[in-house]
$ cat input-v9.txt   # compact mmCIF, C-alpha atoms and all ligand atoms
# COMPACT_ATOMS: atom_id res chain seq x y z
CA MET A 490 19.25 -7.72 -1.33
CA PRO A 491 22.78 -8.04 -2.73
CA LEU A 492 23.00 -9.39 -6.28
CA ASN A 493 24.24 -12.91 -6.85
CA SER A 494 27.46 -13.34 -8.85
CA CYS A 495 25.75 -13.69 -12.24
CA GLU A 496 23.46 -10.73 -11.57
CA LEU A 497 26.48 -8.67 -10.62
CA GLU A 498 28.22 -9.77 -13.83
CA ILE A 499 25.23 -8.62 -15.89
CA ASP A 500 24.92 -5.31 -14.05
CA LEU A 501 28.63 -4.62 -14.47
CA PHE A 502 28.37 -5.24 -18.22
CA CYS A 503 25.43 -2.79 -18.34
CA LYS A 504 26.76 -0.06 -16.06
CA GLY A 505 30.52 -0.42 -16.06
CA MET A 506 32.60 0.57 -13.07
CA ARG A 507 34.67 3.46 -11.75
CA ILE A 508 38.06 2.89 -10.19
CA SER A 509 38.68 4.67 -6.92
CA PRO A 510 41.51 7.23 -7.31
CA ASP A 511 43.57 5.57 -4.53
CA THR A 512 43.28 2.11 -6.03
CA SER A 513 46.44 0.82 -7.64
CA LEU A 514 46.17 -1.68 -10.47
CA ASP A 515 49.88 -2.49 -10.47
CA GLY A 516 50.50 -6.06 -11.45
CA VAL A 517 46.94 -6.89 -12.54
CA ARG A 518 46.04 -7.91 -16.07
CA GLY A 519 45.97 -4.71 -18.12
CA ILE A 520 43.29 -3.52 -20.51
CA SER A 521 43.77 -5.09 -23.95
CA ARG A 522 42.12 -3.45 -26.90
CA THR A 523 42.52 -6.24 -29.42
CA ARG A 524 40.23 -8.01 -31.90
CA ALA A 525 36.73 -6.43 -32.02
CA GLY A 526 37.61 -4.30 -29.00
CA LEU A 527 35.25 -5.91 -26.52
CA GLY A 528 38.10 -6.69 -24.17
CA SER A 529 38.46 -2.97 -23.50
CA GLY A 530 37.61 -3.44 -19.83
CA LEU A 531 39.20 -4.66 -16.65
CA GLU A 532 39.29 -8.42 -16.14
CA ALA A 533 37.81 -9.59 -12.84
CA ALA A 534 36.72 -12.88 -11.31
CA ILE A 535 33.69 -12.87 -9.04
CA PRO A 536 33.55 -15.74 -6.52
CA VAL A 537 30.42 -17.89 -6.68
CA GLU A 538 28.83 -18.87 -3.40
CA SER A 539 26.75 -21.83 -4.61
CA GLY A 540 28.41 -25.07 -5.70
CA LEU A 541 27.58 -24.48 -9.38
CA LYS A 542 31.00 -23.13 -10.28
CA ARG A 543 33.94 -21.45 -8.56
CA GLU A 544 34.17 -18.07 -10.23
CA ILE A 545 32.48 -15.96 -12.87
CA TRP A 546 34.78 -13.98 -15.13
CA VAL A 547 33.80 -10.56 -16.39
CA ASN A 548 35.55 -7.94 -18.48
CA VAL A 549 34.16 -4.83 -16.78
CA PRO A 550 33.77 -1.67 -18.91
CA VAL A 551 35.89 1.09 -17.35
CA VAL A 552 36.94 3.39 -20.19
CA GLU A 553 33.60 4.04 -21.92
CA PRO A 554 31.90 7.29 -20.81
CA PHE A 555 28.93 5.43 -19.27
CA ALA A 556 31.31 3.74 -16.81
CA ALA A 557 32.13 7.15 -15.28
CA ARG A 558 28.47 7.41 -14.21
CA SER A 559 28.33 3.89 -12.76
CA PRO A 560 27.20 3.34 -9.16
CA TYR A 561 29.93 0.70 -8.91
CA GLU A 562 33.39 1.62 -7.70
CA LEU A 563 36.43 -0.64 -7.42
CA VAL A 564 38.29 -0.16 -4.16
CA ALA A 565 41.56 -1.80 -3.12
CA GLU A 566 41.79 -3.33 0.34
CA GLY A 567 45.46 -3.73 1.15
CA THR A 568 47.82 -4.59 -1.68
CA SER A 569 46.03 -7.32 -3.61
CA ALA A 570 42.43 -7.55 -2.37
CA TYR A 571 39.62 -5.67 -4.07
CA VAL A 572 35.93 -5.00 -3.51
CA ILE A 573 33.34 -3.47 -5.80
CA ARG A 574 31.18 -1.07 -3.81
CA ASP A 575 27.64 -0.27 -4.94
CA ASP A 576 26.96 3.37 -4.00
CA ARG A 577 23.18 2.84 -4.19
CA SER A 578 22.91 0.15 -1.56
CA GLY A 579 26.29 0.18 0.17
CA HIS A 580 26.73 -3.51 -0.72
CA GLU A 581 30.28 -4.64 -1.25
CA TYR A 582 31.29 -7.50 -3.52
CA ARG A 583 34.67 -9.17 -3.19
CA VAL A 584 36.42 -9.74 -6.55
CA ARG A 585 39.76 -11.08 -7.68
CA LEU A 586 41.77 -9.19 -10.26
CA PRO A 587 43.97 -11.68 -12.12
CA GLU A 588 47.69 -10.99 -12.27
CA GLU A 589 49.25 -10.07 -15.57
CA PRO A 590 51.12 -13.15 -16.79
CA ALA A 591 54.90 -12.81 -17.12
CA TRP A 592 54.77 -13.97 -20.75
CA TYR A 593 52.92 -10.74 -21.69
CA ARG A 594 56.29 -9.01 -21.41
CA ARG A 595 58.26 -11.60 -23.37
CA GLU A 596 58.96 -11.82 -27.10
CA THR A 597 58.82 -14.70 -29.53
CA ALA A 598 61.91 -15.84 -31.43
CA ASN A 599 60.84 -13.39 -34.16
CA ASP A 600 61.05 -10.51 -31.62
CA VAL A 601 57.26 -10.12 -31.51
CA PRO A 602 55.83 -9.29 -28.08
CA MET A 603 53.63 -12.22 -27.11
CA ASN A 604 50.80 -9.94 -25.95
CA ARG A 605 50.64 -8.57 -29.50
CA VAL A 606 50.00 -12.11 -30.72
CA GLY A 607 47.34 -13.14 -28.21
CA VAL A 608 45.81 -12.09 -24.89
CA LEU A 609 43.91 -13.83 -22.13
CA GLN A 610 40.18 -13.11 -22.05
CA GLY A 611 38.95 -14.92 -18.96
CA THR A 612 40.79 -18.22 -18.76
CA TYR A 613 41.43 -18.78 -22.46
CA LEU A 614 43.84 -17.39 -25.04
CA ALA A 615 42.31 -15.15 -27.72
CA ILE A 616 44.13 -14.67 -31.02
CA TYR A 617 43.01 -12.67 -34.04
CA ALA A 618 44.92 -14.80 -36.54
CA ASN A 619 43.84 -13.67 -40.01
CA PRO A 620 44.56 -10.38 -41.80
CA ILE A 621 42.30 -7.46 -40.98
CA CYS A 622 38.61 -8.17 -41.62
CA ALA A 623 37.87 -7.26 -45.25
CA PHE A 624 34.69 -5.35 -44.35
CA TRP A 625 37.02 -2.55 -43.21
CA ASN A 626 38.53 -2.25 -46.70
CA TYR A 627 35.34 -1.43 -48.60
CA SER A 628 34.56 2.16 -49.47
CA PRO A 629 32.30 3.10 -47.83
CA ARG A 630 33.26 0.72 -45.02
CA LEU A 631 31.01 -2.29 -44.37
CA ASN A 632 32.26 -3.10 -40.87
CA CYS A 633 29.85 -4.06 -38.11
CA ARG A 634 29.02 -0.82 -36.35
CA PHE A 635 29.94 -2.01 -32.85
CA CYS A 636 33.36 -3.34 -33.89
CA THR A 637 36.82 -1.73 -33.71
CA THR A 638 38.88 -4.51 -35.28
CA GLY A 639 40.00 -2.15 -38.05
CA GLN A 640 41.62 0.11 -35.44
CA ASN A 641 43.14 -2.63 -33.30
CA VAL A 642 44.66 -5.14 -35.71
CA GLY A 643 48.02 -3.74 -36.83
CA ALA A 644 48.00 -1.18 -33.98
CA ASN A 645 47.49 -2.97 -30.65
CA GLU A 646 48.38 -6.35 -32.14
CA VAL A 647 50.49 -7.49 -35.07
CA PRO A 648 48.59 -7.46 -38.38
CA VAL A 649 49.31 -11.05 -39.37
CA LYS A 650 50.59 -13.60 -36.91
CA ALA A 651 53.23 -16.11 -38.00
CA VAL A 652 52.32 -19.69 -37.11
CA SER A 653 55.55 -20.01 -35.13
CA ASP A 654 54.70 -16.91 -33.06
CA VAL A 655 51.26 -18.32 -32.35
CA ILE A 656 52.75 -21.64 -31.29
CA GLU A 657 55.24 -19.99 -28.92
CA THR A 658 52.51 -17.84 -27.40
CA CYS A 659 50.22 -20.85 -26.99
CA TRP A 660 53.00 -22.75 -25.21
CA ALA A 661 53.66 -19.88 -22.84
CA ALA A 662 49.97 -19.47 -22.06
CA LYS A 663 49.53 -23.21 -21.57
CA GLU A 664 52.55 -23.70 -19.32
CA GLU A 665 52.37 -20.50 -17.29
CA SER A 666 48.68 -19.57 -17.30
CA GLY A 667 47.23 -23.07 -17.45
CA ILE A 668 45.00 -22.42 -20.44
CA THR A 669 43.17 -25.31 -22.05
CA PHE A 670 41.58 -23.44 -24.96
CA VAL A 671 42.72 -21.07 -27.69
CA HIS A 672 40.19 -19.14 -29.71
CA LEU A 673 41.18 -18.08 -33.23
CA ASN A 674 39.12 -15.48 -35.05
CA GLY A 675 39.57 -13.26 -38.06
CA GLY A 676 36.39 -11.62 -39.36
CA PHE A 677 35.58 -11.77 -43.07
CA GLN A 678 38.29 -13.01 -45.46
CA GLY A 679 36.29 -13.75 -48.62
CA SER A 680 36.30 -17.47 -49.29
CA ARG A 681 39.84 -17.92 -47.94
CA GLY A 682 39.28 -17.49 -44.21
CA LEU A 683 39.00 -21.15 -43.28
CA ASP A 684 41.92 -22.11 -45.54
CA PHE A 685 44.03 -19.37 -43.98
CA ILE A 686 43.32 -20.51 -40.44
CA ALA A 687 43.88 -24.23 -41.13
CA PRO A 688 47.71 -24.22 -40.67
CA TYR A 689 47.27 -22.57 -37.24
CA VAL A 690 44.78 -25.23 -36.18
CA ARG A 691 46.99 -28.03 -37.45
CA ALA A 692 50.12 -26.67 -35.74
CA ILE A 693 48.41 -26.03 -32.39
CA LYS A 694 46.81 -29.47 -32.34
CA GLU A 695 50.03 -31.21 -33.36
CA GLU A 696 52.59 -29.29 -31.36
CA VAL A 697 50.90 -27.72 -28.33
CA GLY A 698 47.81 -29.78 -27.66
CA LEU A 699 45.06 -27.35 -26.73
CA LEU A 700 41.37 -27.26 -27.44
CA VAL A 701 41.01 -24.98 -30.48
CA GLY A 702 38.03 -22.83 -31.42
CA VAL A 703 37.57 -20.98 -34.71
CA GLN A 704 35.26 -18.06 -35.31
CA LEU A 705 35.15 -16.65 -38.82
CA ALA A 706 32.56 -15.36 -41.25
CA PRO A 707 30.58 -18.28 -42.71
CA GLU A 708 31.67 -19.73 -46.03
CA ARG A 709 29.39 -21.19 -48.68
CA ASP A 710 31.55 -24.22 -49.38
CA LEU A 711 30.51 -26.16 -46.31
CA SER A 712 33.01 -28.95 -47.00
CA ARG A 713 35.69 -26.56 -45.68
CA TYR A 714 34.22 -27.09 -42.20
CA ASP A 715 34.58 -30.83 -42.64
CA ARG A 716 38.27 -30.35 -43.38
CA LEU A 717 38.75 -28.17 -40.32
CA VAL A 718 37.11 -30.82 -38.17
CA GLU A 719 39.44 -33.42 -39.68
CA LEU A 720 42.35 -31.23 -38.58
CA GLY A 721 41.04 -31.50 -35.04
CA VAL A 722 39.20 -28.23 -34.43
CA ASP A 723 37.18 -28.55 -31.22
CA HIS A 724 34.80 -25.61 -31.45
CA LEU A 725 33.22 -23.56 -34.23
CA ALA A 726 31.44 -20.25 -33.62
CA PHE A 727 29.21 -18.20 -35.89
CA CYS A 728 28.51 -14.56 -35.10
CA VAL A 729 25.01 -13.89 -36.36
CA GLU A 730 24.81 -10.94 -33.94
CA LEU A 731 21.20 -9.84 -34.56
CA MET A 732 17.97 -11.59 -35.47
CA ASP A 733 15.77 -8.84 -36.86
CA ALA A 734 16.55 -8.46 -40.58
CA ASP A 735 16.44 -4.64 -40.53
CA TRP A 736 18.66 -4.37 -37.47
CA PHE A 737 21.02 -6.95 -38.96
CA ALA A 738 21.35 -4.92 -42.19
CA ARG A 739 21.74 -1.64 -40.31
CA VAL A 740 24.31 -2.75 -37.75
CA CYS A 741 26.13 -5.42 -39.80
CA PRO A 742 25.99 -4.05 -43.37
CA GLY A 743 28.84 -6.23 -44.63
CA LYS A 744 27.37 -9.42 -43.23
CA ALA A 745 23.95 -8.55 -44.65
CA ARG A 746 25.20 -7.62 -48.09
CA VAL A 747 27.89 -10.26 -48.60
CA HIS A 748 26.54 -13.30 -46.71
CA GLY A 749 22.92 -12.77 -45.82
CA GLN A 750 21.73 -13.85 -42.40
CA ALA A 751 20.54 -17.30 -43.53
CA LEU A 752 24.10 -18.45 -44.30
CA TYR A 753 25.06 -18.04 -40.63
CA PHE A 754 22.37 -20.49 -39.59
CA THR A 755 23.10 -22.88 -42.48
CA ALA A 756 26.79 -23.06 -41.57
CA MET A 757 25.94 -23.36 -37.86
CA GLN A 758 23.63 -26.29 -38.55
CA HIS A 759 26.22 -27.99 -40.73
CA ALA A 760 28.92 -27.56 -38.07
CA ALA A 761 26.59 -28.82 -35.33
CA GLY A 762 26.21 -32.01 -37.38
CA LEU A 763 29.99 -32.47 -37.50
CA LEU A 764 30.96 -31.85 -33.88
CA PRO A 765 29.64 -33.26 -30.59
CA PRO A 766 26.79 -31.47 -28.78
CA GLY A 767 27.98 -28.31 -27.05
CA ALA A 768 30.89 -27.74 -29.47
CA VAL A 769 29.25 -25.20 -31.79
CA SER A 770 28.02 -21.79 -30.76
CA GLY A 771 25.96 -19.00 -32.23
CA GLU A 772 27.00 -15.55 -31.09
CA VAL A 773 24.48 -12.79 -30.50
CA ILE A 774 24.67 -9.23 -29.23
CA ALA A 775 21.93 -8.29 -26.79
CA GLY A 776 20.87 -4.74 -26.10
CA ILE A 777 20.64 -3.34 -29.63
CA GLU A 778 17.50 -4.85 -31.14
CA PRO A 779 14.30 -5.48 -29.12
CA GLU A 780 14.67 -8.15 -26.45
CA GLU A 781 12.13 -10.50 -28.15
CA GLN A 782 14.37 -10.65 -31.21
CA THR A 783 17.37 -11.66 -29.11
CA ILE A 784 15.25 -14.34 -27.48
CA ALA A 785 14.15 -15.55 -30.93
CA ALA A 786 17.84 -15.76 -31.95
CA ILE A 787 18.62 -17.82 -28.84
CA ASP A 788 15.76 -20.19 -29.69
CA ARG A 789 16.86 -20.56 -33.29
CA ILE A 790 20.48 -21.28 -32.30
CA THR A 791 19.56 -23.91 -29.71
CA GLU A 792 17.07 -25.57 -32.09
CA LEU A 793 19.98 -26.09 -34.47
CA GLY A 794 21.93 -27.89 -31.74
CA ALA A 795 24.34 -25.00 -31.04
CA PHE A 796 24.62 -23.09 -27.80
CA PRO A 797 24.15 -19.32 -27.61
CA THR A 798 26.93 -17.03 -26.46
CA VAL A 799 25.28 -13.72 -25.78
CA CYS A 800 27.38 -10.62 -25.51
CA ILE A 801 25.90 -7.57 -23.80
CA PHE A 802 26.28 -4.62 -26.15
CA ARG A 803 29.16 -2.31 -25.21
CA PRO A 804 29.37 1.08 -26.94
CA THR A 805 33.11 0.71 -27.36
CA VAL A 806 35.17 3.89 -27.65
CA GLY A 807 36.07 4.50 -31.29
CA SER A 808 33.30 2.32 -32.72
CA ASP A 809 30.55 3.75 -34.91
CA MET A 810 28.13 3.10 -32.03
CA GLU A 811 30.21 4.67 -29.26
CA GLY A 812 27.48 7.21 -28.53
CA TRP A 813 24.74 4.60 -28.05
CA PRO A 814 23.45 3.87 -24.55
CA PRO A 815 24.35 0.55 -22.91
CA PRO A 816 21.44 -1.85 -22.28
CA GLU A 817 19.21 -2.02 -19.19
CA TYR A 818 19.98 -4.59 -16.51
CA LYS A 819 16.44 -6.01 -16.21
CA ALA A 820 16.14 -6.79 -19.91
CA MET A 821 19.60 -8.38 -19.97
CA ARG A 822 18.77 -10.50 -16.93
CA ARG A 823 15.69 -11.82 -18.74
CA VAL A 824 17.76 -12.57 -21.85
CA MET A 825 20.42 -14.46 -19.89
CA MET A 826 17.82 -16.41 -18.01
CA HIS A 827 16.41 -17.43 -21.39
CA VAL A 828 19.88 -18.56 -22.52
CA TYR A 829 19.97 -21.01 -19.63
CA GLU A 830 16.38 -22.17 -20.16
CA ALA A 831 16.92 -22.74 -23.90
CA CYS A 832 20.09 -24.75 -23.23
CA ARG A 833 18.19 -26.78 -20.65
CA ALA A 834 15.24 -27.36 -22.98
CA HIS A 835 17.63 -28.86 -25.56
CA TRP A 836 19.84 -30.70 -23.03
CA LEU A 837 22.92 -28.94 -24.30
CA PRO A 838 25.95 -29.97 -22.22
CA VAL A 839 27.22 -26.42 -21.64
CA GLY A 840 30.29 -25.94 -19.46
CA ALA A 841 31.58 -29.47 -20.08
CA ALA A 842 35.04 -28.49 -21.34
CA PRO A 843 37.67 -27.93 -18.64
CA ASN A 844 38.61 -24.43 -17.53
CA ILE A 845 36.95 -22.33 -20.25
CA GLU A 846 35.59 -19.16 -18.70
CA VAL A 847 34.88 -16.38 -21.18
CA SER A 848 35.03 -12.89 -19.70
CA LEU A 849 33.36 -11.07 -22.61
CA VAL A 850 29.98 -12.77 -22.37
CA VAL A 851 27.66 -14.22 -19.76
CA ASN A 852 28.48 -17.92 -20.17
CA PRO A 853 25.36 -20.12 -20.38
CA ASP A 854 26.45 -21.94 -17.23
CA ASP A 855 26.90 -18.61 -15.39
CA ALA A 856 23.20 -18.09 -16.01
CA ALA A 857 22.40 -21.20 -13.95
CA LEU A 858 22.56 -18.80 -11.01
CA LEU A 859 19.49 -17.01 -12.35
CA ALA A 860 17.28 -20.07 -12.71
CA PRO A 861 14.52 -21.01 -10.25
CA ARG A 862 15.34 -24.17 -8.32
CA THR A 863 12.79 -26.52 -9.86
CA ALA A 864 12.99 -30.29 -10.39
CA GLY A 865 13.93 -29.56 -14.04
CA PHE A 866 16.83 -27.41 -12.85
CA TYR A 867 18.24 -30.16 -10.60
CA CYS A 868 17.85 -32.81 -13.35
CA TYR A 869 19.70 -30.66 -15.88
CA GLU A 870 22.46 -29.77 -13.41
CA ALA A 871 22.91 -33.45 -12.53
CA TYR A 872 23.10 -34.24 -16.25
CA ARG A 873 25.71 -31.51 -16.81
CA ARG A 874 27.81 -32.85 -13.93
CA LEU A 875 27.63 -36.36 -15.36
CA ILE A 876 28.68 -35.16 -18.82
CA ARG A 877 31.57 -33.20 -17.30
CA LEU A 878 32.86 -36.36 -15.61
CA ALA A 879 32.32 -38.57 -18.65
CA ALA A 880 34.00 -36.05 -20.97
CA LYS A 881 37.13 -35.64 -18.83
CA PRO A 882 39.19 -38.42 -20.48
CA ILE A 883 38.05 -37.29 -23.94
CA PHE A 884 39.18 -33.72 -23.33
CA SER A 885 42.46 -34.76 -21.76
CA ARG A 886 43.20 -36.85 -24.85
CA ARG A 887 42.31 -33.95 -27.14
CA MET A 888 44.61 -31.69 -25.12
CA ARG A 889 47.66 -33.86 -25.75
CA PRO A 890 49.77 -32.76 -28.72
CA ALA A 891 48.87 -34.99 -31.68
CA ARG A 892 52.57 -35.75 -32.15
CA ALA A 893 52.84 -37.07 -28.63
CA ARG A 894 49.79 -39.27 -29.01
S1 LIG B 901 32.85 -9.39 -39.27
FE1 LIG B 901 32.12 -7.55 -38.23
S2 LIG B 901 32.55 -7.94 -36.03
FE2 LIG B 901 33.78 -9.39 -37.23
S3 LIG B 901 35.77 -8.39 -37.48
FE3 LIG B 901 34.54 -7.90 -39.31
S4 LIG B 901 33.58 -5.95 -38.84
FE4 LIG B 901 34.31 -6.78 -36.90
$ encode --input "input-v9.txt" --output "structure tokens"
Amino acid sequence: MPLNSCELEIDLFCKGMRISPDTSLDGVRGISRTRAGLGSGLEAAIPVESGLKREIWVNVPVVEPFAARSPYELVAEGTSAYVIRDDRSGHEYRVRLPEEPAWYRRETANDVPMNRVGVLQGTYLAIYANPICAFWNYSPRLNCRFCTTGQNVGANEVPVKAVSDVIETCWAAKEESGITFVHLNGGFQGSRGLDFIAPYVRAIKEEVGLLVGVQLAPERDLSRYDRLVELGVDHLAFCVELMDADWFARVCPGKARVHGQALYFTAMQHAAGLLPPGAVSGEVIAGIEPEEQTIAAIDRITELGAFPTVCIFRPTVGSDMEGWPPPEYKAMRRVMMHVYEACRAHWLPVGAAPNIEVSLVVNPDDAALLAPRTAGFYCYEAYRRLIRLAAKPIFSRRMRPARAR
């Protein structure tokens, strides 16, 4: 049996893909090693056969050593059509490789290449806005062991982005690539991270009119989140990464020593009380700690009213964990199925915002393709459709520049 689109997405995250020697990637979106480095793969969109959504976006690992052993191979058919061939079964899956946007090759008024300010990851614009995450400056380093931010910020992207450069890049991505959402992150910045990011949020909301997400290390002064919400932030994300305390301390030594795991959940809960349902997320990495711990993290996040974004562990080249094996497909399928079930159990309106497809994770609504077709499934899907319709005018208002309103 061929895999469905979400199963293929999961298996590609776990096994990576080879690229046939005759296949040209001219004109497609290039590999962008920015931020934590998880976008190190090739962006692809897998068509979805059922009516649940149109496409599933996936950033397929291609440069990590495990990808060279993958049964999957990308093959070009003609000049712009591609299939992924599974050598084990002979099945072929049609995929679309998105074109590289023209603005990637343009510069801002400050002569900064726009693709060193932000890049597309799926259908949204990703910008590492703050200075390099401070965990990289400790001696010995306290960075998360899967992360390569310390190698990418300042090398593959400019170290600190001027607000005006961010605004120009957002405009280009909005007008030419049709983005609706920009995601700002910046790792750990002491107690100044949220203050540092505030002018970017204000300027984007006022001048460009996009949905804005912020993902930074949690801060103890929770009133700072209130201020960010007043500025118009639409989404807040908290990267707790791992549930088991020992794994958390081992893989995320800075987070464990400086914040403690509990602060991630406290801040998540506070943010979930400030924003509408479905606007706060808890981020987890699956495939490092035992599966039951990942499932416990998903349960904890959804109980707090946030939705889980679960990233399948990628042993990124250059990271401290580059020699670790990638996770097994079956375990990851179970985890993603649980993501969907937990969202359903809490009636979280996932996938309500327009045109936000994240290529680095299995989106909770991607995982709808894994769920058995029960009465509960159809009720939840009908509810999600209703929320999507009802939320349309709200989102279109929030995507108008505040100045124009
Ligand atoms: S907090 Fe961890 S994952 Fe985030 S940028 Fe810093 S080292 Fe990387």
$ residues_near_point --input "input-v9.txt" --point "(37.4, -6.6, -18.0)" --cutoff "12 Å" --atoms "all atoms listed in the file" --output "VMD selection string"
chain A and resid 498 501 to 502 505 to 506 517 to 522 526 to 535 545 to 553 584 to 587 609 to 611 803 847 to 850
$ atom_distance --input "input-v9.txt" --atom1 "atom S3 of ligand LIG 901 (chain B)" --atom2 "atom CA of A:Gly721"
23.8 Å
$ closest_atom_pairs --input "input-v9.txt" --of "chain A" --to "ligand LIG 901 (chain B)" --cutoff "6 Å" --atoms "only C-alpha atoms and all ligand atoms" --output "CSV"
residue,atom,partner,partner_atom,distance
A:Ala525,CA,B:LIG901,FE4,5.5
A:Cys622,CA,B:LIG901,FE3,4.7
A:Phe624,CA,B:LIG901,FE3,5.7
A:Asn632,CA,B:LIG901,S4,3.7
A:Cys633,CA,B:LIG901,FE1,4.2
A:Cys636,CA,B:LIG901,FE4,4.7
A:Thr638,CA,B:LIG901,FE4,5.4
A:Gly676,CA,B:LIG901,S3,3.8
A:Phe677,CA,B:LIG901,S1,5.2
$ closest_residue --input "input-v9.txt" --among "A:Glu870, A:Glu696, A:Glu781, A:Glu665" --to "A:Met888" --atoms "only C-alpha atoms"
A:Glu696
$ closest_residue --input "input-v9.txt" --among "A:Arg630, A:Arg823, A:Arg583, A:Arg713" --to "A:Leu763" --atoms "all atoms listed in the file"
A:Arg713
$ atom_distance --input "input-v9.txt" --atom1 "atom CA of A:Gly607" --atom2 "atom CA of A:Leu725"
18.6 Å
$ residues_around --input "input-v9.txt" --residues "A:Arg886" --least-positions-apart "5" --cutoff "12 Å" --atoms "only C-alpha atoms" --output "list of chain:residue names"
A:Thr669, A:Lys694, A:Gly698, A:Leu699, A:Leu700, A:Gly721, A:Ala880, A:Lys881, A:Ala891, A:Arg892, A:Ala893, A:Arg894
$ residues_near_point --input "input-v9.txt" --point "(19.9, -21.1, -15.7)" --cutoff "12 Å" --atoms "all atoms listed in the file" --output "VMD selection string"
chain A and resid 495 to 496 541 822 to 834 839 851 to 863 865 to 867 869 to 870 873
$ residues_around --input "input-v9.txt" --residues "A:Ala734" --least-positions-apart "6" --cutoff "12 Å" --atoms "only C-alpha atoms" --output "mmCIF file with C-alpha atoms, in the coordinates of the input"
data_model
loop_
_atom_site.group_PDB
_atom_site.id
_atom_site.type_symbol
_atom_site.label_atom_id
_atom_site.label_comp_id
_atom_site.auth_asym_id
_atom_site.auth_seq_id
_atom_site.Cartn_x
_atom_site.Cartn_y
_atom_site.Cartn_z
ATOM 1 C CA VAL A 740 24.310 -2.750 -37.750
ATOM 2 C CA CYS A 741 26.130 -5.420 -39.800
ATOM 3 C CA PRO A 742 25.990 -4.050 -43.370
ATOM 4 C CA LYS A 744 27.370 -9.420 -43.230
ATOM 5 C CA ALA A 745 23.950 -8.550 -44.650
ATOM 6 C CA ARG A 746 25.200 -7.620 -48.090
ATOM 7 C CA GLY A 749 22.920 -12.770 -45.820
ATOM 8 C CA GLN A 750 21.730 -13.850 -42.400
ATOM 9 C CA ALA A 751 20.540 -17.300 -43.530
ATOM 10 C CA GLU A 778 17.500 -4.850 -31.140
ATOM 11 C CA GLN A 782 14.370 -10.650 -31.210
ATOM 12 C CA THR A 783 17.370 -11.660 -29.110
ATOM 13 C CA ALA A 786 17.840 -15.760 -31.950
#
$ closest_residue --input "input-v9.txt" --among "A:Val799, A:Val601, A:Ala820, A:Val671" --to "A:Phe727" --atoms "all atoms listed in the file"
A:Val799
